[in-house]
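**Q** Provided herewith: query.cif, mmCIF, C-alpha atoms.
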data_upload
loop_
_atom_site.label_atom_id
_atom_site.label_comp_id
_atom_site.auth_asym_id
_atom_site.auth_seq_id
_atom_site.Cartn_x
_atom_site.Cartn_y
_atom_site.Cartn_z
CA MET Q 19 25.41 -4.73 -20.35
CA ASP Q 20 23.41 -2.99 -23.09
CA VAL Q 21 20.14 -4.62 -22.06
CA TYR Q 22 20.57 -3.47 -18.45
CA CYS Q 23 21.44 0.02 -19.68
CA SER Q 24 18.36 0.30 -21.89
CA ASN Q 25 16.08 -1.17 -19.17
CA ASN Q 26 17.41 1.36 -16.67
CA VAL Q 27 16.98 4.17 -19.18
CA LEU Q 28 13.40 3.08 -19.90
CA GLN Q 29 12.66 2.87 -16.16
CA ALA Q 30 14.22 6.30 -15.56
CA ARG Q 31 12.23 7.83 -18.42
CA ARG Q 32 8.99 6.38 -17.02
CA THR Q 33 9.84 7.71 -13.55
CA VAL Q 34 10.48 11.22 -14.89
CA GLU Q 35 7.27 11.19 -16.95
CA GLN Q 36 5.28 10.04 -13.91
CA LEU Q 37 6.83 12.73 -11.71
CA ARG Q 38 6.09 15.40 -14.34
CA LEU Q 39 2.44 14.32 -14.30
CA GLU Q 40 2.24 14.36 -10.49
CA THR Q 41 3.81 17.83 -10.31
CA GLU Q 42 0.80 19.20 -12.23
CA LEU Q 43 -1.70 18.07 -9.58
CA GLN Q 44 -3.85 20.76 -7.97
CA ARG Q 45 -3.75 20.23 -4.24
CA ILE Q 46 -6.15 21.63 -1.64
CA LYS Q 47 -5.30 22.57 1.94
CA ILE Q 48 -5.44 19.73 4.47
CA SER Q 49 -7.73 21.88 6.65
CA ALA Q 50 -10.36 21.96 3.88
CA ALA Q 51 -9.91 18.29 2.97
CA ALA Q 52 -10.01 17.11 6.59
CA GLU Q 53 -13.13 19.15 7.28
CA GLN Q 54 -14.99 17.29 4.53
CA ILE Q 55 -13.92 13.93 5.92
CA VAL Q 56 -15.03 14.93 9.42
CA GLN Q 57 -18.34 16.15 8.00
CA TYR Q 58 -18.94 12.85 6.18
CA CYS Q 59 -18.22 10.81 9.31
CA GLN Q 60 -20.51 12.99 11.40
CA GLU Q 61 -23.34 12.95 8.86
CA HIS Q 62 -23.24 9.17 8.62
CA ARG Q 63 -22.53 8.27 12.24
CA ARG Q 64 -26.11 7.40 13.14
CA ALA Q 65 -26.26 4.99 10.19
CA ASP Q 66 -23.08 3.19 11.26
CA PRO Q 67 -24.18 0.07 13.21
CA LEU Q 68 -20.72 -0.73 14.57
CA LEU Q 69 -20.46 2.79 15.97
CA THR Q 70 -23.97 3.11 17.42
CA GLY Q 71 -24.41 -0.46 18.53
CA ILE Q 72 -27.12 -2.84 17.33
CA ALA Q 73 -30.28 -3.71 19.24
CA ALA Q 74 -30.52 -7.42 19.92
CA SER Q 75 -33.89 -7.59 18.15
CA SER Q 76 -32.44 -6.26 14.90
CA ASN Q 77 -29.12 -8.10 15.05
CA PRO Q 78 -29.09 -10.92 12.47
CA PHE Q 79 -26.05 -12.38 14.22
CA LYS Q 80 -27.52 -12.44 17.71
CA ASP Q 81 -28.39 -15.98 18.71
CA LYS Q 82 -32.11 -16.12 19.39
CA LYS Q 83 -32.74 -17.93 22.63
CA THR Q 84 -35.06 -20.83 21.99
CA CYS Q 85 -37.53 -22.08 24.57
CA VAL Q 86 -36.58 -25.48 25.90
CA LEU Q 87 -39.38 -27.74 26.98
CA LEU Q 88 -38.26 -29.66 30.02
CA MET F 2 25.53 7.91 -19.58
CA GLY F 3 24.68 11.61 -20.01
CA GLU F 4 20.95 10.89 -20.41
CA MET F 5 20.75 8.92 -17.14
CA GLU F 6 22.50 11.70 -15.22
CA GLN F 7 20.14 14.25 -16.73
CA MET F 8 17.04 12.22 -15.91
CA LYS F 9 18.22 11.56 -12.34
CA LYS F 10 18.69 15.28 -11.90
CA GLU F 11 15.28 16.06 -13.35
CA ALA F 12 13.64 13.40 -11.17
CA GLU F 13 15.23 14.84 -8.02
CA GLY F 14 14.11 18.32 -9.03
CA LEU F 15 10.53 17.18 -9.62
CA LYS F 16 10.44 15.31 -6.29
CA THR F 17 11.57 18.47 -4.51
CA GLN F 18 8.84 20.44 -6.31
CA ILE F 19 6.15 17.94 -5.29
CA GLU F 20 7.39 17.93 -1.69
CA ALA F 21 7.20 21.73 -1.61
CA ALA F 22 3.69 21.73 -3.11
CA ARG F 23 2.55 19.25 -0.44
CA LYS F 24 4.14 21.29 2.29
CA ALA F 25 2.39 24.42 1.03
CA VAL F 26 -1.05 22.89 1.74
CA ASN F 27 0.04 21.18 4.96
CA ASP F 28 -1.67 23.65 7.30
CA THR F 29 -2.94 21.08 9.81
CA ASP F 30 -3.47 17.36 10.40
CA MET F 31 -6.60 15.24 10.78
CA ALA F 32 -6.44 14.95 14.59
CA SER F 33 -6.28 18.74 14.94
CA ALA F 34 -9.06 19.25 12.40
CA ALA F 35 -11.19 16.77 14.38
CA ALA F 36 -10.44 18.34 17.76
CA GLY F 37 -14.03 19.54 18.10
CA VAL F 38 -15.52 16.12 17.37
CA ALA F 39 -16.70 13.98 20.27
CA PRO F 40 -14.40 10.99 20.78
CA ALA F 41 -15.64 7.67 19.39
CA PRO F 42 -17.08 5.44 22.12
CA ARG F 43 -15.07 2.49 23.38
CA VAL F 44 -15.99 -0.26 20.94
CA GLN F 45 -16.59 -3.63 22.56
CA LEU F 46 -17.74 -6.22 20.07
CA LYS F 47 -18.67 -9.82 20.79
CA THR F 48 -17.88 -12.85 18.68
CA ARG F 49 -21.25 -13.84 17.22
CA ARG F 50 -20.05 -16.66 14.99
CA THR F 51 -16.92 -18.77 14.75
CA LEU F 52 -16.87 -20.36 11.32
CA LYS F 53 -15.07 -23.69 11.41
CA GLY F 54 -14.35 -25.67 8.29
CA HIS F 55 -11.01 -24.78 6.83
CA LEU F 56 -8.14 -27.16 7.62
CA ALA F 57 -5.25 -24.75 7.18
CA LYS F 58 -4.36 -21.05 7.29
CA ILE F 59 -6.97 -18.67 5.96
CA TYR F 60 -5.45 -16.06 3.68
CA ALA F 61 -8.40 -14.04 2.44
CA MET F 62 -12.11 -13.39 2.74
CA HIS F 63 -14.62 -11.18 0.92
CA TRP F 64 -18.26 -10.31 1.59
CA CYS F 65 -20.97 -10.69 -1.02
CA THR F 66 -23.04 -7.55 -1.66
CA ASP F 67 -26.07 -9.31 -0.13
CA ASN F 68 -24.46 -8.77 3.30
CA ARG F 69 -25.01 -12.41 4.15
CA LEU F 70 -22.81 -14.68 2.03
CA MET F 71 -19.03 -14.51 2.09
CA VAL F 72 -16.14 -16.37 0.46
CA SER F 73 -12.95 -17.42 2.25
CA ALA F 74 -9.72 -18.89 0.88
CA SER F 75 -7.37 -21.23 2.68
CA GLN F 76 -4.18 -23.04 1.86
CA ASP F 77 -6.09 -26.24 2.50
CA GLY F 78 -6.86 -25.76 -1.19
CA LYS F 79 -10.47 -24.67 -0.88
CA LEU F 80 -12.72 -21.68 -1.26
CA LEU F 81 -15.65 -21.90 1.13
CA ILE F 82 -18.87 -19.95 0.66
CA TRP F 83 -20.53 -19.28 4.01
CA ASP F 84 -23.98 -18.12 5.05
CA SER F 85 -22.86 -15.84 7.85
CA HIS F 86 -26.31 -15.71 9.46
CA SER F 87 -26.63 -19.46 9.98
CA GLY F 88 -22.90 -20.15 10.04
CA ASN F 89 -23.43 -22.91 7.47
CA LYS F 90 -21.21 -23.68 4.51
CA VAL F 91 -23.14 -23.15 1.30
CA ASN F 92 -20.49 -24.24 -1.19
CA ALA F 93 -16.96 -25.58 -1.38
CA VAL F 94 -14.77 -24.90 -4.41
CA PRO F 95 -11.71 -27.15 -4.71
CA LEU F 96 -8.71 -25.25 -6.07
CA LYS F 97 -6.23 -26.59 -8.62
CA SER F 98 -3.46 -24.88 -6.67
CA SER F 99 -3.64 -24.77 -2.87
CA TRP F 100 -1.25 -21.79 -2.65
CA VAL F 101 -4.07 -19.28 -2.64
CA MET F 102 -3.52 -15.68 -1.48
CA THR F 103 -6.71 -13.88 -2.44
CA CYS F 104 -10.41 -14.34 -3.18
CA ALA F 105 -13.24 -12.10 -4.31
CA TYR F 106 -17.02 -12.15 -4.70
CA ALA F 107 -18.54 -10.47 -7.77
CA PRO F 108 -21.09 -7.73 -6.95
CA SER F 109 -23.78 -9.81 -8.71
CA GLY F 110 -23.13 -12.79 -6.45
CA ASN F 111 -22.79 -15.01 -9.53
CA LEU F 112 -19.02 -15.39 -9.58
CA VAL F 113 -16.06 -15.78 -7.23
CA ALA F 114 -12.37 -15.59 -8.06
CA SER F 115 -9.15 -16.72 -6.43
CA GLY F 116 -5.43 -16.79 -7.11
CA GLY F 117 -2.00 -17.02 -5.54
CA LEU F 118 1.38 -18.60 -6.23
CA ASP F 119 0.03 -20.13 -9.45
CA ASN F 120 0.27 -16.56 -10.90
CA MET F 121 -3.29 -16.95 -12.19
CA CYS F 122 -6.69 -15.57 -11.33
CA THR F 123 -9.32 -18.30 -11.68
CA VAL F 124 -12.98 -17.28 -11.96
CA TYR F 125 -15.79 -19.67 -10.94
CA ASN F 126 -19.53 -19.56 -11.66
CA LEU F 127 -21.51 -20.37 -8.52
CA LYS F 128 -24.87 -20.43 -10.27
CA THR F 129 -24.40 -23.37 -12.64
CA PRO F 130 -25.79 -26.70 -11.29
CA VAL F 131 -22.20 -27.73 -10.60
CA ILE F 132 -19.68 -24.95 -9.87
CA LYS F 133 -17.71 -24.37 -13.05
CA THR F 134 -14.40 -22.71 -13.80
CA VAL F 135 -15.33 -19.84 -16.11
CA LYS F 136 -11.85 -18.51 -16.93
CA GLU F 137 -8.23 -18.91 -15.97
CA LEU F 138 -6.60 -15.50 -16.30
CA ASP F 139 -2.99 -16.28 -17.00
CA ALA F 140 -0.59 -13.47 -17.90
CA HIS F 141 0.98 -12.23 -14.69
CA ALA F 142 4.65 -13.08 -14.21
CA GLY F 143 4.31 -13.19 -10.45
CA TYR F 144 1.92 -14.31 -7.71
CA LEU F 145 -1.63 -12.98 -7.50
CA SER F 146 -1.94 -11.02 -4.24
CA CYS F 147 -5.37 -9.46 -4.70
CA CYS F 148 -8.34 -9.39 -7.08
CA ARG F 149 -11.60 -7.44 -7.19
CA PHE F 150 -14.54 -7.72 -9.62
CA LEU F 151 -15.88 -4.55 -11.27
CA SER F 152 -18.76 -6.57 -12.73
CA ASP F 153 -19.38 -10.05 -14.16
CA ASN F 154 -17.33 -8.90 -17.16
CA GLU F 155 -14.29 -7.22 -15.64
CA ILE F 156 -11.85 -7.95 -12.83
CA LEU F 157 -8.82 -6.09 -11.43
CA THR F 158 -5.77 -7.98 -10.21
CA ALA F 159 -2.63 -7.05 -8.26
CA SER F 160 0.52 -9.15 -8.65
CA GLY F 161 3.96 -9.86 -7.27
CA ASP F 162 5.24 -9.00 -10.77
CA THR F 163 4.76 -5.30 -9.68
CA THR F 164 1.82 -4.71 -12.02
CA CYS F 165 -1.93 -4.48 -11.64
CA ALA F 166 -4.21 -5.42 -14.51
CA LEU F 167 -7.78 -5.05 -15.73
CA TRP F 168 -9.13 -8.16 -17.46
CA ASP F 169 -12.02 -8.78 -19.84
CA LEU F 170 -13.73 -11.94 -18.60
CA GLU F 171 -15.19 -12.79 -21.99
CA THR F 172 -11.85 -12.91 -23.80
CA GLY F 173 -9.75 -13.79 -20.77
CA LYS F 174 -7.22 -11.14 -21.80
CA GLN F 175 -5.75 -8.09 -20.09
CA THR F 176 -7.44 -4.86 -21.27
CA THR F 177 -5.06 -2.60 -19.37
CA VAL F 178 -1.82 -3.11 -17.47
CA PHE F 179 -1.03 -0.62 -14.71
CA LEU F 180 2.74 -0.02 -14.59
CA SER F 181 4.54 2.11 -12.04
CA HIS F 182 5.23 0.21 -8.83
CA VAL F 183 8.79 -1.05 -8.36
CA GLY F 184 7.89 -3.64 -5.75
CA ASP F 185 5.40 -6.54 -5.51
CA CYS F 186 1.82 -5.24 -5.52
CA MET F 187 0.16 -6.58 -2.38
CA CYS F 188 -3.36 -5.11 -2.32
CA LEU F 189 -5.89 -3.06 -4.21
CA ALA F 190 -9.20 -1.34 -3.50
CA LEU F 191 -11.87 0.06 -5.83
CA SER F 192 -13.14 3.61 -5.41
CA PRO F 193 -16.83 3.92 -4.47
CA ASP F 194 -17.58 5.32 -7.97
CA ASN F 195 -15.64 2.50 -9.68
CA ASN F 196 -13.67 4.97 -11.83
CA SER F 197 -10.38 4.52 -10.02
CA PHE F 198 -8.56 2.14 -7.75
CA ILE F 199 -5.73 2.34 -5.28
CA SER F 200 -2.86 -0.16 -4.92
CA GLY F 201 -0.31 -0.82 -2.17
CA ALA F 202 3.06 -2.46 -2.79
CA CYS F 203 6.33 -3.67 -1.30
CA ASP F 204 7.96 -0.44 -2.53
CA SER F 205 6.08 1.11 0.47
CA LEU F 206 4.03 3.30 -1.90
CA ALA F 207 0.30 3.56 -2.47
CA LYS F 208 -0.78 4.60 -5.97
CA LEU F 209 -4.08 5.93 -7.31
CA TRP F 210 -4.99 4.80 -10.84
CA ASP F 211 -7.57 5.81 -13.42
CA ILE F 212 -9.18 2.51 -14.46
CA ARG F 213 -10.03 3.61 -18.00
CA ASP F 214 -6.88 5.41 -19.15
CA GLY F 215 -4.46 3.22 -17.18
CA GLN F 216 -2.59 6.20 -15.74
CA CYS F 217 -1.13 6.44 -12.27
CA LYS F 218 -2.58 9.75 -11.06
CA GLN F 219 -1.05 10.04 -7.62
CA THR F 220 1.64 8.40 -5.47
CA PHE F 221 1.52 8.41 -1.66
CA LEU F 222 4.69 8.24 0.41
CA GLY F 223 5.26 7.75 4.11
CA HIS F 224 5.30 4.06 4.89
CA THR F 225 8.68 2.49 5.50
CA SER F 226 7.79 -1.06 4.56
CA ASP F 227 5.40 -3.20 2.48
CA ILE F 228 1.82 -1.98 2.29
CA ASN F 229 -0.32 -5.10 2.82
CA ALA F 230 -3.79 -3.59 3.09
CA ILE F 231 -5.64 -0.70 1.58
CA SER F 232 -9.18 0.69 1.52
CA PHE F 233 -11.09 3.76 0.39
CA LEU F 234 -13.04 5.82 2.86
CA PRO F 235 -16.76 5.57 1.96
CA SER F 236 -16.68 9.22 0.83
CA GLY F 237 -14.06 8.31 -1.77
CA ASN F 238 -11.84 11.26 -0.82
CA ALA F 239 -9.27 9.43 1.26
CA VAL F 240 -7.65 6.03 1.61
CA VAL F 241 -6.37 4.06 4.57
CA THR F 242 -3.32 1.79 4.30
CA GLY F 243 -1.84 -0.87 6.58
CA SER F 244 1.84 -1.81 6.49
CA ASP F 245 4.58 -4.12 7.74
CA ASP F 246 5.98 -0.98 9.41
CA CYS F 247 3.26 -1.61 12.08
CA THR F 248 1.27 1.52 11.25
CA CYS F 249 -1.85 2.42 9.35
CA LYS F 250 -2.11 5.78 7.61
CA MET F 251 -4.86 7.87 6.08
CA TYR F 252 -3.97 9.72 2.90
CA ASP F 253 -6.26 12.44 1.58
CA LEU F 254 -6.53 12.37 -2.22
CA ARG F 255 -7.08 16.09 -2.74
CA ALA F 256 -4.34 17.22 -0.33
CA ASP F 257 -2.20 14.48 -1.90
CA GLN F 258 -0.56 13.43 1.39
CA GLU F 259 -0.75 11.64 4.70
CA VAL F 260 -3.13 13.34 7.15
CA ILE F 261 -2.92 10.98 10.12
CA CYS F 262 -0.99 7.91 11.29
CA TYR F 263 -2.44 5.14 13.48
CA GLN F 264 0.38 3.84 15.61
CA ASP F 265 1.27 2.83 19.13
CA ALA F 266 4.73 2.38 20.64
CA ALA F 267 3.54 -0.90 22.17
CA LEU F 268 2.57 -2.26 18.76
CA ASN F 269 5.43 -3.88 16.93
CA SER F 270 3.57 -6.26 14.64
CA GLY F 271 2.87 -5.68 10.99
CA VAL F 272 -0.61 -4.85 9.73
CA THR F 273 -1.98 -7.58 7.47
CA SER F 274 -5.48 -6.37 6.65
CA LEU F 275 -7.97 -3.61 7.27
CA ALA F 276 -11.63 -2.67 6.85
CA LEU F 277 -13.62 0.45 7.61
CA SER F 278 -17.01 0.85 9.29
CA MET F 279 -19.83 2.33 7.22
CA SER F 280 -19.25 5.97 8.13
CA GLY F 281 -15.48 5.58 7.92
CA ARG F 282 -15.07 6.50 11.57
CA LEU F 283 -13.70 3.12 12.68
CA VAL F 284 -10.71 1.32 11.19
CA PHE F 285 -10.50 -2.41 11.92
CA ALA F 286 -6.87 -3.43 11.40
CA GLY F 287 -5.63 -7.02 11.61
CA TYR F 288 -2.10 -7.56 12.91
CA ASP F 289 0.53 -10.32 13.01
CA ASP F 290 0.16 -10.36 16.83
CA PHE F 291 -3.18 -12.24 16.53
CA ASN F 292 -5.32 -9.16 17.30
CA CYS F 293 -7.50 -6.80 15.36
CA ASN F 294 -7.19 -3.26 16.69
CA ILE F 295 -9.97 -0.72 16.27
CA TRP F 296 -8.89 2.87 15.58
CA ASP F 297 -10.84 6.13 15.64
CA SER F 298 -10.00 7.27 12.09
CA LEU F 299 -10.40 10.97 12.92
CA LYS F 300 -8.55 11.18 16.24
CA GLY F 301 -6.00 8.42 15.75
CA GLU F 302 -6.77 6.74 19.07
CA LYS F 303 -7.22 3.04 19.67
CA VAL F 304 -10.84 2.50 20.79
CA GLY F 305 -11.04 -1.25 20.97
CA VAL F 306 -9.52 -4.61 20.19
CA LEU F 307 -10.86 -7.89 18.84
CA SER F 308 -9.02 -10.70 20.61
CA GLY F 309 -9.82 -14.32 20.07
CA HIS F 310 -7.72 -15.71 17.30
CA ASP F 311 -4.83 -18.05 18.09
CA ASN F 312 -2.71 -16.93 15.19
CA ARG F 313 -2.14 -14.01 12.81
CA VAL F 314 -5.26 -12.18 11.63
CA SER F 315 -4.79 -12.37 7.85
CA CYS F 316 -8.00 -10.81 6.55
CA THR F 317 -10.73 -8.45 7.68
CA GLY F 318 -13.98 -7.40 6.05
CA VAL F 319 -17.06 -5.31 6.79
CA PRO F 320 -20.16 -6.00 4.66
CA ALA F 321 -21.82 -3.17 2.72
CA ASP F 322 -24.55 -2.70 5.36
CA GLY F 323 -21.89 -2.30 8.06
CA MET F 324 -23.64 -4.73 10.42
CA CYS F 325 -20.56 -6.64 11.54
CA VAL F 326 -16.87 -7.20 10.98
CA CYS F 327 -15.38 -10.53 9.93
CA THR F 328 -11.82 -11.56 10.76
CA GLY F 329 -10.01 -14.53 9.23
CA SER F 330 -6.88 -16.06 10.66
CA TRP F 331 -4.00 -18.44 10.20
CA ASP F 332 -5.68 -20.37 13.04
CA SER F 333 -8.11 -21.59 10.28
CA PHE F 334 -11.18 -19.88 11.75
CA LEU F 335 -13.28 -16.91 10.70
CA LYS F 336 -15.03 -14.89 13.36
CA ILE F 337 -17.98 -12.52 12.98
CA TRP F 338 -18.16 -9.69 15.50
CA ASN F 339 -20.64 -6.96 16.35
#
Turn the structure described in the file into structure tokens.

**A**
Amino acid sequence: MDVYCSNNVLQARRTVEQLRLETELQRIKISAAAEQIVQYCQEHRRADPLLTGIAASSNPFKDKKTCVLL
Amino acid sequence: MGEMEQMKKEAEGLKTQIEAARKAVNDTDMASAAAGVAPAPRVQLKTRRTLKGHLAKIYAMHWCTDNRLMVSASQDGKLLIWDSHSGNKVNAVPLKSSWVMTCAYAPSGNLVASGGLDNMCTVYNLKTPVIKTVKELDAHAGYLSCCRFLSDNEILTASGDTTCALWDLETGKQTTVFLSHVGDCMCLALSPDNNSFISGACDSLAKLWDIRDGQCKQTFLGHTSDINAISFLPSGNAVVTGSDDCTCKMYDLRADQEVICYQDAALNSGVTSLALSMSGRLVFAGYDDFNCNIWDSLKGEKVGVLSGHDNRVSCTGVPADGMCVCTGSWDSFLKIWN
């Protein structure tokens, strides 16, 4: 009974300490945060192969068709 | 029991404060903020490679930083190293325990690691004439669900014992133990600057940690079931999570809350894995329903699907150069798409 009590107390203390820490966080508005994410995506979109598509000639995974001698 | 009552009361009070602080900055959501952005094109990718070789369910895969080699782990008791360009197997590492749940490639390409129900993280050197076990990291009290190398000297692990840990590979000991989750830790991801990492757990929470001081800095709420997959956006300012509650969510670190949810009424399978494209615009999420759905991260719309596996998609990965996406499945195959 005592061990459970002290484990619960320890857990509760940790939870309170963690919550105290998280209360101190400085938060910025979602509008400002989201704008930066949008900006990053836009700035890097041309360098994103899966978004722009990959030309067959520069695609390392494209199977090169070999000439077959009949 | 006066102290417990007091602490419960204080905890509730602090939670209310945090909720109010989040609400105070909740002036919009991601979809609204991205209203002016052109929609992402419909993404139709082709299977370029089907990698056959494993004899049982694949549980994990990880790309090497050279964008060519990758490691996969299967409950057939093997790690396979693949050359994704040729589709050939470069190496096979037999595992002491076949109950593997995770694998990782070191950034140097010299080492790989794996672990699972043996509660250990085993590190192998691929560069010795014969592949050697370098270390067996044995201190977790639960299964190893995820591991990621910081360097050839340090590795992070996530465990079913609810903790994450940073290990020194020279001594084989834990340098730091990250305590805060109250459920099995299922996944972790390193921040682009390597100073922090994020973890997802069965307590449905995602937590941001400072690697050096061991502190949990932030806790993200919203999911209603286990978080199985997690990744940082390339900018490092947000994270995306995937859960058994069938949704993925993006959490912004500086707003300290969820900014968008990727969900569909028709989707009632859990998310097992996820990976982001290079710009962060596309989210590739693997589901229990055998598919990998592609989401527009800014608008929250589904823009494509990767269908081809005959069983659950268990792992997903995009290499550093963003040139393809790899999916691994319980059907024992890995597929490369672009």

**Q** Let me know the residues the PyMOL selection byres ((chain Q) within 8 of (chain F)) catches in the file above, as a PyMOL selection string.

**A** chain Q and resi 27+30-34+36-41+44-49+51-53+55-56+58-60+62-63+65-69+71-72+77-81

**Q** So how far away is CA of Cys188 (chain F) from CA of Ser160 (chain F), in Å?

**A**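 Answer for the CA of Ser160 (chain F) to CA of Cys188 (chain F) separation: 8.5 Å.
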
**Q** Hey, what comes out of the PyMOL selection byres ((chain F and resi 304-315) around 8) on this file? Could you write it as an NGL selection string?

**A** :F and (41-46 or 59-61 or 273-274 or 287-297 or 302-303 or 316-317 or 328-332 or 334)

**Q** Enter the distance from CA of Glu42 (chain Q) to CA of Asn26 (chain Q), in Å, rounded to one decimal.

**A**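 Interatomic distance here is 24.8 Å.
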
**Q** For the structure provided, state which residues fall under the PyMOL selection byres ((chain F and resi 271) around 6), and present them as a list in words.

**A** Asp245, Asp246, Cys247, Ser270, Val272, Tyr288 and Asp289 of chain F

**Q** For region 128-133 of chain F, please output as a JSON list (two decimals) with C-alpha atoms, in the coordinates of the input all residues within 12 Å (counting all atoms listed in the file; exclusion window: fewer than 3 positions along the same chain).

**A**
[["chain", "number", "residue", "atom", "x", "y", "z"],
["F", 80, "LEU", "CA", -12.72, -21.68, -1.26],
["F", 82, "ILE", "CA", -18.87, -19.95, 0.66],
["F", 91, "VAL", "CA", -23.14, -23.15, 1.30],
["F", 92, "ASN", "CA", -20.49, -24.24, -1.19],
["F", 93, "ALA", "CA", -16.96, -25.58, -1.38],
["F", 94, "VAL", "CA", -14.77, -24.90, -4.41],
["F", 95, "PRO", "CA", -11.71, -27.15, -4.71],
["F", 96, "LEU", "CA", -8.71, -25.25, -6.07],
["F", 109, "SER", "CA", -23.78, -9.81, -8.71],
["F", 110, "GLY", "CA", -23.13, -12.79, -6.45],
["F", 111, "ASN", "CA", -22.79, -15.01, -9.53],
["F", 112, "LEU", "CA", -19.02, -15.39, -9.58],
["F", 113, "VAL", "CA", -16.06, -15.78, -7.23],
["F", 114, "ALA", "CA", -12.37, -15.59, -8.06],
["F", 123, "THR", "CA", -9.32, -18.30, -11.68],
["F", 124, "VAL", "CA", -12.98, -17.28, -11.96],
["F", 125, "TYR", "CA", -15.79, -19.67, -10.94],
["F", 136, "LYS", "CA", -11.85, -18.51, -16.93],
["F", 137, "GLU", "CA", -8.23, -18.91, -15.97]]

**Q** May I ask for the distance between CA of Ile199 (chain F) and CA of Tyr252 (chain F), given in Å to one decimal place?

**A**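 Taking CA of Ile199 (chain F) and CA of Tyr252 (chain F), their separation equals 11.2 Å.
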
**Q** Might you pull out every residue within 8 Å of Phe198 (chain F), with all atoms listed in the file counted and same-chain residues fewer than 2 positions away left off, and present them as a PyMOL selection string?

**A** chain F and resi 189-192+195-196+200+209-212

**Q** Can you sort out the box for region 56-61 of chain Q, edges along x, y and z, all listed atoms in, 3 Å on every side, with centre and edge lengths in Å to one decimal, as lines of an AutoDock Vina configuration file?

**A**
center_x = -19.2
center_y = 13.5
center_z = 8.8
size_x = 14.3
size_y = 11.3
size_z = 11.2
